[in-house]
file final.pdb (PDB, C-alpha atoms)
MODEL        1
ATOM      1  CA  MET B 690      -4.071   0.695  15.297
ATOM      2  CA  GLY B 691      -5.767   1.210  11.939
ATOM      3  CA  THR B 692      -6.061  -1.063   8.941
ATOM      4  CA  VAL B 693      -3.834  -2.597   6.326
ATOM      5  CA  GLY B 694      -3.611  -1.104   2.846
ATOM      6  CA  THR B 695      -2.049   1.851   1.067
ATOM      7  CA  SER B 696      -4.767   2.778  -1.406
ATOM      8  CA  ALA B 697      -5.785   6.448  -1.462
ATOM      9  CA  GLU B 698      -9.336   5.462  -0.590
ATOM     10  CA  GLY B 699      -8.176   3.379   2.361
ATOM     11  CA  LEU B 700      -5.983   6.180   3.676
ATOM     12  CA  ILE B 701      -8.760   8.778   3.433
ATOM     13  CA  GLY B 702     -11.043   6.324   5.212
ATOM     14  CA  GLU B 703      -8.819   6.615   8.267
ATOM     15  CA  ARG B 704      -9.497  10.350   8.563
ATOM     16  CA  GLY B 705     -12.653  10.015  10.638
ATOM     17  CA  GLN B 706     -10.918   7.858  13.229
ATOM     18  CA  LEU B 707      -7.941  10.208  13.346
ATOM     19  CA  ILE B 708     -10.187  13.256  13.864
ATOM     20  CA  ASN B 709     -11.968  11.468  16.700
ATOM     21  CA  VAL B 710      -8.677  10.630  18.403
ATOM     22  CA  ALA B 711      -7.223  14.112  17.919
ATOM     23  CA  TYR B 712     -10.305  15.990  19.166
ATOM     24  CA  ARG B 713     -10.390  13.981  22.391
ATOM     25  CA  LEU B 714      -6.681  14.581  22.878
ATOM     26  CA  LEU B 715      -6.793  18.322  22.115
ATOM     27  CA  GLY B 716     -10.339  19.500  22.831
ATOM     28  CA  SER B 717     -10.205  21.627  19.684
ATOM     29  CA  VAL B 718     -11.709  20.864  16.283
ATOM     30  CA  SER B 719      -9.359  23.197  14.425
ATOM     31  CA  GLU B 720      -6.242  21.856  16.167
ATOM     32  CA  ALA B 721      -7.423  18.285  15.606
ATOM     33  CA  GLU B 722      -7.847  18.968  11.900
ATOM     34  CA  ASP B 723      -4.382  20.545  11.716
ATOM     35  CA  ALA B 724      -2.829  17.553  13.501
ATOM     36  CA  VAL B 725      -4.470  15.092  11.124
ATOM     37  CA  GLN B 726      -3.477  17.129   8.068
ATOM     38  CA  ASP B 727       0.097  17.206   9.350
ATOM     39  CA  ALA B 728       0.074  13.416   9.787
ATOM     40  CA  TYR B 729      -1.164  12.915   6.206
ATOM     41  CA  ALA B 730       1.470  15.347   4.919
ATOM     42  CA  ARG B 731       4.165  13.306   6.639
ATOM     43  CA  TRP B 732       2.789  10.106   5.087
ATOM     44  CA  TYR B 733       2.787  11.522   1.579
ATOM     45  CA  GLY B 734       6.260  12.910   2.217
ATOM     46  CA  LEU B 735       7.647   9.388   2.690
ATOM     47  CA  PRO B 736       9.432   7.722  -0.208
ATOM     48  CA  ARG B 737       7.276   5.165  -1.966
ATOM     49  CA  SER B 738       9.616   2.386  -0.858
ATOM     50  CA  ARG B 739       9.145   3.380   2.782
ATOM     51  CA  GLN B 740       5.340   3.507   2.401
ATOM     52  CA  GLU B 741       5.378  -0.028   1.021
ATOM     53  CA  GLU B 742       7.322  -1.247   4.066
ATOM     54  CA  ILE B 743       4.566  -0.077   6.423
ATOM     55  CA  LEU B 744       2.099  -2.942   6.862
ATOM     56  CA  SER B 745      -0.633  -0.822   8.444
ATOM     57  CA  PRO B 746      -0.763   2.795   7.218
ATOM     58  CA  GLY B 747      -3.734   3.375   9.508
ATOM     59  CA  ALA B 748      -1.650   2.372  12.523
ATOM     60  CA  TRP B 749       1.194   4.577  11.302
ATOM     61  CA  LEU B 750      -1.137   7.563  10.858
ATOM     62  CA  THR B 751      -2.644   7.056  14.315
ATOM     63  CA  THR B 752       0.783   6.880  15.910
ATOM     64  CA  VAL B 753       1.986  10.006  14.125
ATOM     65  CA  THR B 754      -1.228  11.923  14.843
ATOM     66  CA  SER B 755      -0.992  10.996  18.521
ATOM     67  CA  ARG B 756       2.643  12.132  18.685
ATOM     68  CA  ILE B 757       1.715  15.446  17.068
ATOM     69  CA  CYS B 758      -1.083  15.862  19.605
ATOM     70  CA  LEU B 759       1.328  15.026  22.431
ATOM     71  CA  ASP B 760       3.641  17.834  21.281
ATOM     72  CA  LEU B 761       0.694  20.224  20.928
ATOM     73  CA  LEU B 762      -0.535  19.392  24.428
ATOM     74  CA  GLY B 763       2.854  20.326  25.828
ATOM     75  CA  SER B 764       2.903  23.689  24.065
ATOM     76  CA  ALA B 765      -0.793  24.260  24.809
ATOM     77  CA  ARG B 766      -0.063  24.429  28.519
ATOM     78  CA  VAL B 767       2.236  27.387  27.872
ATOM     79  CA  ARG B 768      -0.283  29.080  25.555
ATOM     80  CA  ARG B 769      -3.115  28.651  28.027
ATOM     81  CA  GLU B 770      -1.108  30.343  30.742
ATOM     82  CA  ARG B 771      -1.361  33.460  28.545
ATOM     83  CA  TYR B 772      -5.013  32.876  27.630
ATOM     84  CA  VAL B 773      -7.400  35.609  28.780
ATOM     85  CA  GLY B 774      -9.724  34.048  31.345
ATOM     86  CA  ALA B 775     -10.644  30.366  31.518
ATOM     87  CA  TRP B 776      -9.928  28.026  28.593
ATOM     88  CA  LEU B 777     -12.688  25.564  27.692
ATOM     89  CA  PRO B 778     -12.823  22.884  24.975
ATOM     90  CA  GLU B 779     -14.649  23.711  21.753
ATOM     91  CA  PRO B 780     -18.342  22.757  21.992
ATOM     92  CA  LEU B 781     -19.787  20.565  19.270
ATOM     93  CA  PRO B 782     -23.302  20.530  17.806
ATOM     94  CA  ASP B 783     -24.875  17.265  16.754
ATOM     95  CA  ARG B 784     -24.911  16.413  13.060
ATOM     96  CA  THR B 785     -28.399  17.791  12.418
ATOM     97  CA  GLU B 786     -27.472  21.126  13.957
ATOM     98  CA  TRP B 787     -24.184  21.195  12.048
ATOM     99  CA  ALA B 788     -25.988  20.630   8.755
ATOM    100  CA  ARG B 789     -28.639  23.225   9.589
ATOM    101  CA  ALA B 790     -25.950  25.769  10.484
ATOM    102  CA  GLY B 791     -24.415  25.474   7.050
ATOM    103  CA  GLY B 792     -21.420  23.472   8.197
ATOM    104  CA  ALA B 793     -21.559  20.975   5.347
ATOM    105  CA  ASP B 794     -18.968  21.483   2.675
ATOM    106  CA  PRO B 795     -20.683  22.277  -0.653
ATOM    107  CA  THR B 796     -18.190  19.988  -2.370
ATOM    108  CA  GLY B 797     -19.556  17.092  -0.361
ATOM    109  CA  ALA B 798     -16.420  16.607   1.749
ATOM    110  CA  ALA B 799     -17.180  15.889   5.397
ATOM    111  CA  ASP B 800     -16.256  18.632   7.838
ATOM    112  CA  PRO B 801     -14.064  17.455  10.733
ATOM    113  CA  ALA B 802     -16.703  18.438  13.304
ATOM    114  CA  ASP B 803     -19.236  16.290  11.485
ATOM    115  CA  GLN B 804     -17.003  13.209  11.775
ATOM    116  CA  ILE B 805     -16.657  13.272  15.550
ATOM    117  CA  VAL B 806     -18.679  10.591  17.276
ATOM    118  CA  LEU B 807     -20.691  12.239  20.045
ATOM    119  CA  ASP B 808     -20.527   9.900  23.027
ATOM    120  CA  GLU B 809     -19.730  10.271  26.715
ATOM    121  CA  SER B 810     -16.022  10.656  25.930
ATOM    122  CA  VAL B 811     -16.659  14.062  24.326
ATOM    123  CA  SER B 812     -19.057  15.474  26.914
ATOM    124  CA  MET B 813     -17.835  18.811  28.242
ATOM    125  CA  ALA B 814     -17.548  17.338  31.738
ATOM    126  CA  PHE B 815     -15.287  14.553  30.436
ATOM    127  CA  LEU B 816     -13.147  16.884  28.320
ATOM    128  CA  VAL B 817     -12.641  19.238  31.270
ATOM    129  CA  VAL B 818     -11.387  16.294  33.353
ATOM    130  CA  LEU B 819      -8.991  15.396  30.528
ATOM    131  CA  GLU B 820      -7.608  18.950  30.755
ATOM    132  CA  SER B 821      -6.452  18.209  34.308
ATOM    133  CA  MET B 822      -4.178  15.392  33.123
ATOM    134  CA  THR B 823      -0.574  15.592  32.035
ATOM    135  CA  PRO B 824      -0.113  15.248  28.254
ATOM    136  CA  ALA B 825       1.263  11.706  28.653
ATOM    137  CA  GLU B 826      -1.604  10.673  30.947
ATOM    138  CA  ARG B 827      -4.152  12.048  28.510
ATOM    139  CA  VAL B 828      -2.659  10.230  25.530
ATOM    140  CA  ALA B 829      -2.343   6.930  27.397
ATOM    141  CA  PHE B 830      -5.863   7.143  28.804
ATOM    142  CA  VAL B 831      -7.632   8.246  25.614
ATOM    143  CA  LEU B 832      -5.888   5.713  23.397
ATOM    144  CA  HIS B 833      -6.373   2.813  25.805
ATOM    145  CA  ASP B 834      -9.610   3.459  27.699
ATOM    146  CA  VAL B 835     -11.546   5.237  24.952
ATOM    147  CA  PHE B 836     -10.167   3.643  21.774
ATOM    148  CA  ARG B 837      -8.938   0.346  23.251
ATOM    149  CA  TYR B 838      -5.445   0.455  21.793
ATOM    150  CA  PRO B 839      -2.978  -1.925  23.513
ATOM    151  CA  PHE B 840      -0.232  -0.508  25.706
ATOM    152  CA  THR B 841       2.400  -2.037  23.424
ATOM    153  CA  GLU B 842       1.291   0.356  20.660
ATOM    154  CA  ILE B 843       0.781   3.301  23.030
ATOM    155  CA  ALA B 844       4.360   2.791  24.194
ATOM    156  CA  ASP B 845       5.505   3.572  20.644
ATOM    157  CA  VAL B 846       3.602   6.867  20.762
ATOM    158  CA  LEU B 847       4.915   7.973  24.146
ATOM    159  CA  GLY B 848       8.402   6.526  23.893
ATOM    160  CA  ARG B 849       7.941   4.663  27.175
ATOM    161  CA  THR B 850       7.575   1.048  28.216
ATOM    162  CA  PRO B 851       4.142  -0.607  28.099
ATOM    163  CA  ALA B 852       4.261  -0.894  31.900
ATOM    164  CA  ALA B 853       4.889   2.831  32.253
ATOM    165  CA  CYS B 854       2.006   3.577  29.863
ATOM    166  CA  LYS B 855      -0.244   1.324  31.917
ATOM    167  CA  GLN B 856       0.655   3.319  35.032
ATOM    168  CA  LEU B 857      -0.085   6.593  33.228
ATOM    169  CA  ALA B 858      -3.523   5.346  32.192
ATOM    170  CA  ALA B 859      -4.245   4.158  35.736
ATOM    171  CA  SER B 860      -3.314   7.574  37.124
ATOM    172  CA  ALA B 861      -5.593   9.256  34.589
ATOM    173  CA  ARG B 862      -8.372   6.794  35.392
ATOM    174  CA  ARG B 863      -8.264   7.828  39.053
ATOM    175  CA  ARG B 864      -8.871  11.425  38.014
ATOM    176  CA  VAL B 865     -11.848  10.374  35.919
ATOM    177  CA  SER B 866     -13.305   8.205  38.686
ATOM    178  CA  VAL B 867     -13.650  11.302  40.859
ATOM    179  CA  ALA B 868     -16.109  12.691  38.300
ATOM    180  CA  ARG B 869     -19.475  11.099  38.791
ATOM    181  CA  ALA B 870     -21.499   9.550  35.974
ATOM    182  CA  PRO B 871     -23.524  12.210  34.139
ATOM    183  CA  ALA B 872     -27.301  12.428  34.404
ATOM    184  CA  THR B 873     -29.379  10.600  31.819
ATOM    185  CA  ALA B 874     -30.076  12.611  28.682
ATOM    186  CA  THR B 875     -33.800  12.714  29.500
ATOM    187  CA  GLY B 876     -33.216  13.864  33.073
ATOM    188  CA  GLN B 877     -30.711  16.492  31.998
ATOM    189  CA  ALA B 878     -32.992  17.732  29.210
ATOM    190  CA  ASP B 879     -35.768  18.374  31.736
ATOM    191  CA  VAL B 880     -33.460  20.315  34.052
ATOM    192  CA  VAL B 881     -31.964  22.341  31.192
ATOM    193  CA  ARG B 882     -35.455  23.144  29.904
ATOM    194  CA  HIS B 883     -36.464  24.437  33.331
ATOM    195  CA  VAL B 884     -33.279  26.532  33.499
ATOM    196  CA  LYS B 885     -34.127  28.023  30.114
ATOM    197  CA  GLU B 886     -37.653  28.900  31.219
ATOM    198  CA  ALA B 887     -36.491  30.454  34.493
ATOM    199  CA  TRP B 888     -33.757  32.385  32.710
ATOM    200  CA  GLU B 889     -36.189  33.745  30.124
ATOM    201  CA  THR B 890     -38.610  34.913  32.836
ATOM    202  CA  LYS B 891     -35.750  36.242  35.011
ATOM    203  CA  ASP B 892     -37.001  34.150  37.907
ATOM    204  CA  ILE B 893     -34.093  34.185  40.359
ATOM    205  CA  ALA B 894     -35.880  32.001  42.910
ATOM    206  CA  ALA B 895     -36.571  29.318  40.290
ATOM    207  CA  LEU B 896     -32.959  29.434  39.081
ATOM    208  CA  VAL B 897     -31.646  29.095  42.630
ATOM    209  CA  GLY B 898     -33.866  26.045  43.065
ATOM    210  CA  LEU B 899     -32.437  24.470  39.906
ATOM    211  CA  LEU B 900     -28.816  25.147  40.827
ATOM    212  CA  ASN B 901     -26.802  23.198  43.362
ATOM    213  CA  PRO B 902     -25.776  25.597  46.179
ATOM    214  CA  ALA B 903     -22.131  24.741  45.352
ATOM    215  CA  ALA B 904     -22.570  25.063  41.560
ATOM    216  CA  VAL B 905     -19.808  26.660  39.498
ATOM    217  CA  MET B 906     -20.164  28.547  36.222
ATOM    218  CA  THR B 907     -17.100  28.976  33.985
ATOM    219  CA  ALA B 908     -17.083  31.207  30.903
ATOM    220  CA  ASP B 909     -14.610  31.318  28.002
ATOM    221  CA  GLY B 910     -14.479  34.530  25.990
ATOM    222  CA  GLY B 911     -10.827  34.235  25.034
ATOM    223  CA  GLY B 912     -10.410  37.984  25.490
ATOM    224  CA  MET B 913     -12.362  38.497  22.269
ATOM    225  CA  VAL B 914     -15.831  39.055  23.736
ATOM    226  CA  GLY B 915     -17.205  39.815  27.171
ATOM    227  CA  ALA B 916     -17.047  37.029  29.737
ATOM    228  CA  VAL B 917     -16.310  36.766  33.434
ATOM    229  CA  LEU B 918     -12.609  36.073  33.839
ATOM    230  CA  ARG B 919     -13.039  33.947  36.954
ATOM    231  CA  PRO B 920     -15.576  31.201  37.680
ATOM    232  CA  VAL B 921     -18.816  32.289  39.364
ATOM    233  CA  GLU B 922     -19.322  30.107  42.434
ATOM    234  CA  GLY B 923     -22.551  29.380  44.275
ATOM    235  CA  GLY B 924     -26.068  28.822  42.979
ATOM    236  CA  ALA B 925     -27.362  32.164  44.232
ATOM    237  CA  ARG B 926     -24.550  34.168  42.608
ATOM    238  CA  ILE B 927     -24.919  32.265  39.321
ATOM    239  CA  ALA B 928     -28.673  32.946  39.298
ATOM    240  CA  GLN B 929     -28.048  36.672  39.878
ATOM    241  CA  TYR B 930     -25.451  36.690  37.129
ATOM    242  CA  MET B 931     -27.751  34.982  34.634
ATOM    243  CA  VAL B 932     -30.574  37.440  35.297
ATOM    244  CA  ALA B 933     -28.147  40.377  35.055
ATOM    245  CA  ILE B 934     -27.086  39.152  31.625
ATOM    246  CA  ALA B 935     -30.727  38.790  30.551
ATOM    247  CA  ASP B 936     -31.388  42.374  31.682
ATOM    248  CA  LYS B 937     -28.407  43.735  29.759
ATOM    249  CA  ALA B 938     -28.864  41.724  26.565
ATOM    250  CA  PRO B 939     -32.391  42.343  25.268
ATOM    251  CA  GLY B 940     -33.363  40.243  22.293
ATOM    252  CA  LEU B 941     -31.248  37.276  23.384
ATOM    253  CA  GLU B 942     -32.944  34.048  22.272
ATOM    254  CA  LEU B 943     -32.341  30.776  24.124
ATOM    255  CA  LEU B 944     -32.519  27.484  22.226
ATOM    256  CA  GLU B 945     -32.377  23.933  23.558
ATOM    257  CA  ARG B 946     -29.619  22.163  21.651
ATOM    258  CA  SER B 947     -27.381  19.139  21.985
ATOM    259  CA  VAL B 948     -23.909  20.238  23.120
ATOM    260  CA  ASN B 949     -21.232  17.560  22.795
ATOM    261  CA  GLY B 950     -23.944  14.921  22.759
ATOM    262  CA  VAL B 951     -25.907  16.039  25.837
ATOM    263  CA  PRO B 952     -28.690  18.632  26.342
ATOM    264  CA  GLY B 953     -27.483  22.226  26.540
ATOM    265  CA  LEU B 954     -28.460  25.763  25.612
ATOM    266  CA  VAL B 955     -27.496  28.093  22.780
ATOM    267  CA  ALA B 956     -27.979  31.856  23.108
ATOM    268  CA  GLN B 957     -28.294  33.761  19.882
ATOM    269  CA  ARG B 958     -29.028  37.334  18.920
ATOM    270  CA  ALA B 959     -30.410  38.343  15.533
ATOM    271  CA  GLY B 960     -29.694  34.800  14.367
ATOM    272  CA  VAL B 961     -26.029  34.905  15.442
ATOM    273  CA  VAL B 962     -24.835  32.396  18.034
ATOM    274  CA  MET B 963     -23.272  34.300  20.917
ATOM    275  CA  THR B 964     -22.906  31.603  23.585
ATOM    276  CA  VAL B 965     -23.036  27.820  23.820
ATOM    277  CA  ALA B 966     -23.649  26.485  27.331
ATOM    278  CA  ALA B 967     -22.991  22.933  28.509
ATOM    279  CA  PHE B 968     -24.321  21.608  31.818
ATOM    280  CA  ASP B 969     -23.489  18.947  34.354
ATOM    281  CA  VAL B 970     -26.507  17.747  36.330
ATOM    282  CA  SER B 971     -26.657  15.671  39.511
ATOM    283  CA  ASP B 972     -29.748  14.706  41.502
ATOM    284  CA  GLY B 973     -31.939  17.006  39.448
ATOM    285  CA  ARG B 974     -29.818  20.136  39.952
ATOM    286  CA  VAL B 975     -27.126  21.832  37.899
ATOM    287  CA  THR B 976     -23.654  21.459  39.385
ATOM    288  CA  ARG B 977     -21.552  22.955  36.569
ATOM    289  CA  ILE B 978     -22.160  25.337  33.690
ATOM    290  CA  TRP B 979     -19.552  25.850  30.968
ATOM    291  CA  ALA B 980     -20.358  28.860  28.770
ATOM    292  CA  VAL B 981     -18.262  29.196  25.602
ATOM    293  CA  ARG B 982     -18.354  32.682  24.042
ATOM    294  CA  ASN B 983     -15.022  32.781  22.216
ATOM    295  CA  PRO B 984     -16.138  33.277  18.572
ATOM    296  CA  GLU B 985     -13.255  31.178  17.252
ATOM    297  CA  LYS B 986     -14.710  28.203  19.137
ATOM    298  CA  LEU B 987     -18.243  28.787  17.857
ATOM    299  CA  ARG B 988     -17.607  28.434  14.125
ATOM    300  CA  PRO B 989     -19.389  25.056  13.851
ATOM    301  CA  TRP B 990     -22.457  26.796  15.308
ATOM    302  CA  ALA B 991     -22.417  29.869  13.082
ATOM    303  CA  SER B 992     -25.004  30.175  10.340
ATOM    304  CA  ALA B 993     -23.600  30.614   6.852
ATOM    305  CA  GLY B 994     -22.213  34.082   6.339
ATOM    306  CA  SER B 995     -22.475  35.132   9.972
ATOM    307  CA  ALA B 996     -19.029  34.100  11.186
ATOM    308  CA  GLY B 997     -17.809  37.669  10.940
ATOM    309  CA  ALA B 998     -20.695  38.850  13.082
ATOM    310  CA  LEU B 999     -19.461  36.628  15.873
ATOM    311  CA  GLY B1000     -16.576  39.004  16.303
ATOM    312  CA  ARG B1001     -18.961  41.615  17.680
ATOM    313  CA  GLY B1002     -18.662  41.263  21.368
ATOM    314  CA  GLY B1003     -19.689  42.429  24.666
ATOM    315  CA  GLU B1004     -23.149  43.943  24.294
ATOM    316  CA  GLY B1005     -24.473  44.127  27.824
ATOM    317  CA  TYR B1006     -21.079  43.601  29.424
ATOM    318  CA  GLY B1007     -18.887  45.674  31.652
ATOM    319  CA  GLU B1008     -15.854  47.724  30.674
ATOM    320  CA  GLY B1009     -12.758  46.033  29.328
ATOM    321  CA  GLY B1010     -14.764  43.150  27.859
ATOM    322  CA  GLN B1011     -15.475  41.631  31.264
ATOM    323  CA  ALA B1012     -19.015  40.719  32.122
ATOM    324  CA  ALA B1013     -20.583  42.851  34.786
ATOM    325  CA  ASP B1014     -20.421  41.275  38.253
ATOM    326  CA  PRO B1015     -23.927  40.915  39.617
ATOM    327  CA  GLY B1016     -22.648  41.622  43.096
TER     328      GLY B1016
ENDMDL
END

call {"tool": "encode", "arguments": {"input": "final.pdb", "output": "structure tokens"}}
result
Amino acid sequence: MGTVGTSAEGLIGERGQLINVAYRLLGSVSEAEDAVQDAYARWYGLPRSRQEEILSPGAWLTTVTSRICLDLLGSARVRRERYVGAWLPEPLPDRTEWARAGGADPTGAADPADQIVLDESVSMAFLVVLESMTPAERVAFVLHDVFRYPFTEIADVLGRTPAACKQLAASARRRVSVARAPATATGQADVVRHVKEAWETKDIAALVGLLNPAAVMTADGGGMVGAVLRPVEGGARIAQYMVAIADKAPGLELLERSVNGVPGLVAQRAGVVMTVAAFDVSDGRVTRIWAVRNPEKLRPWASAGSAGALGRGGEGYGEGGQAADPG
């Protein structure tokens, strides 16, 4: 894992790789950044003599970052049991959207979200599958199948034998194999565009035609803004829900945007991003919708100076911050 060398420049050069590993392990940009910062702090806390003994600081940093993530995954399960409603990974814009939203650091330092490589391993569908794994399975699978690290090195992270790590990755792989390959970007973009048009015109029949009858919509408001607390199941119910939201939120603007590397939708009001929606598409119809409304997870999408406005919540929603049930 990593490269050889202890120069400051070489160590900082590892940061992008570490952020990519940590985000896939945690599903959170802010937690990934914290994990990487913690790993660097531990490196700089080592005596100089100990640093010089380490042949590959990059490998050391990856191992430590992965162990930190493993600990966080264990505690995250407890935290998410207390989370209000469904927990979803943080959605990511592509680099052009991030720059346009004012995410670039004026000092020229790269933001962690801007360093994450947007490929199939960070699609919302893939990250949701990762959430179903045990912490050890997730670490073994991500490090081996996504980043191609050998099981001998993964064993050092997990404190298990290489054979045991191989079994963990195989178990995780079976979970992933259940999830079908996503639609092509072009095919998904067409479907998402049609969903946008039908949603804007409040055309329930068109929405029902675009949604798989067994589709599921999951929303994450984190208890901070209005969102349905339980998944909405069935294409007809989702279509009714979407039109009900459009009726109760006048002035909502829908934009076609890349979400975690695949076509999605962003809903904004008065220039403030309120919701980021990711889609899973199969055979020309939407099978899953993941709508992230928690303002803490939308910071990479916020325009400069509007982060505070994201805290406003719930216009057009039912009492207690829960979205109105369309019936």

call {"tool": "atom_distance", "arguments": {"input": "final.pdb", "atom1": "atom CA of B:Lys937", "atom2": "atom CA of B:Ala956"}}
result
13.6 Å

call {"tool": "atom_distance", "arguments": {"input": "final.pdb", "atom1": "atom CA of B:Ser821", "atom2": "atom CA of B:Gly923"}}
result
22.0 Å

call {"tool": "atom_distance", "arguments": {"input": "final.pdb", "atom1": "atom CA of B:Leu944", "atom2": "atom CA of B:Trp979"}}
result
15.7 Å

call {"tool": "closest_residue", "arguments": {"input": "final.pdb", "among": "B:Arg977, B:Arg958, B:Arg837, B:Lys891", "to": "B:Glu922", "atoms": "all atoms listed in the file"}}
result
B:Arg977

call {"tool": "resolve_selection", "arguments": {"input": "final.pdb", "expression": "the PyMOL selection byres ((chain B and resi 709) around 9)", "output": "mmCIF file with C-alpha atoms, in the frame of the given file"}}
result
data_model
loop_
_atom_site.group_PDB
_atom_site.id
_atom_site.type_symbol
_atom_site.label_atom_id
_atom_site.label_comp_id
_atom_site.auth_asym_id
_atom_site.auth_seq_id
_atom_site.Cartn_x
_atom_site.Cartn_y
_atom_site.Cartn_z
ATOM 1 C CA ARG B 704 -9.497 10.350 8.563
ATOM 2 C CA GLY B 705 -12.653 10.015 10.638
ATOM 3 C CA GLN B 706 -10.918 7.858 13.229
ATOM 4 C CA LEU B 707 -7.941 10.208 13.346
ATOM 5 C CA ILE B 708 -10.187 13.256 13.864
ATOM 6 C CA VAL B 710 -8.677 10.630 18.403
ATOM 7 C CA ALA B 711 -7.223 14.112 17.919
ATOM 8 C CA TYR B 712 -10.305 15.990 19.166
ATOM 9 C CA ARG B 713 -10.390 13.981 22.391
ATOM 10 C CA LEU B 714 -6.681 14.581 22.878
ATOM 11 C CA ALA B 721 -7.423 18.285 15.606
ATOM 12 C CA PRO B 801 -14.064 17.455 10.733
ATOM 13 C CA GLN B 804 -17.003 13.209 11.775
ATOM 14 C CA ILE B 805 -16.657 13.272 15.550
ATOM 15 C CA VAL B 806 -18.679 10.591 17.276
#

call {"tool": "closest_residue", "arguments": {"input": "final.pdb", "among": "B:Val835, B:Val881, B:Ala925, B:Ala916", "to": "B:Thr964", "atoms": "only C-alpha atoms"}}
result
B:Ala916

call {"tool": "resolve_selection", "arguments": {"input": "final.pdb", "expression": "the PyMOL selection byres ((chain B and resi 987) around 10)", "output": "VMD selection string"}}
result
chain B and resid 779 to 782 962 to 965 981 to 986 988 to 991 996 999

call {"tool": "resolve_selection", "arguments": {"input": "final.pdb", "expression": "the PyMOL selection byres ((chain B and resi 845-850) around 9)", "output": "NGL selection string"}}
result
:B and (751-753 or 755-756 or 759 or 825 or 828-829 or 840-844 or 851-855)

call {"tool": "closest_residue", "arguments": {"input": "final.pdb", "among": "B:Ser860, B:Gln957, B:Thr823, B:Ser866", "to": "B:Asp760", "atoms": "only C-alpha atoms"}}
result
B:Thr823

call {"tool": "residues_near_point", "arguments": {"input": "final.pdb", "point": "(-34.1, 19.9, 34.0)", "cutoff": "10 Å", "atoms": "all atoms listed in the file", "output": "list in words"}}
result
Ala874, Thr875, Gly876, Gln877, Ala878, Asp879, Val880, Val881, Arg882, His883, Val884, Lys885, Leu899, Pro952, Val970, Gly973, Arg974 and Val975 of chain B
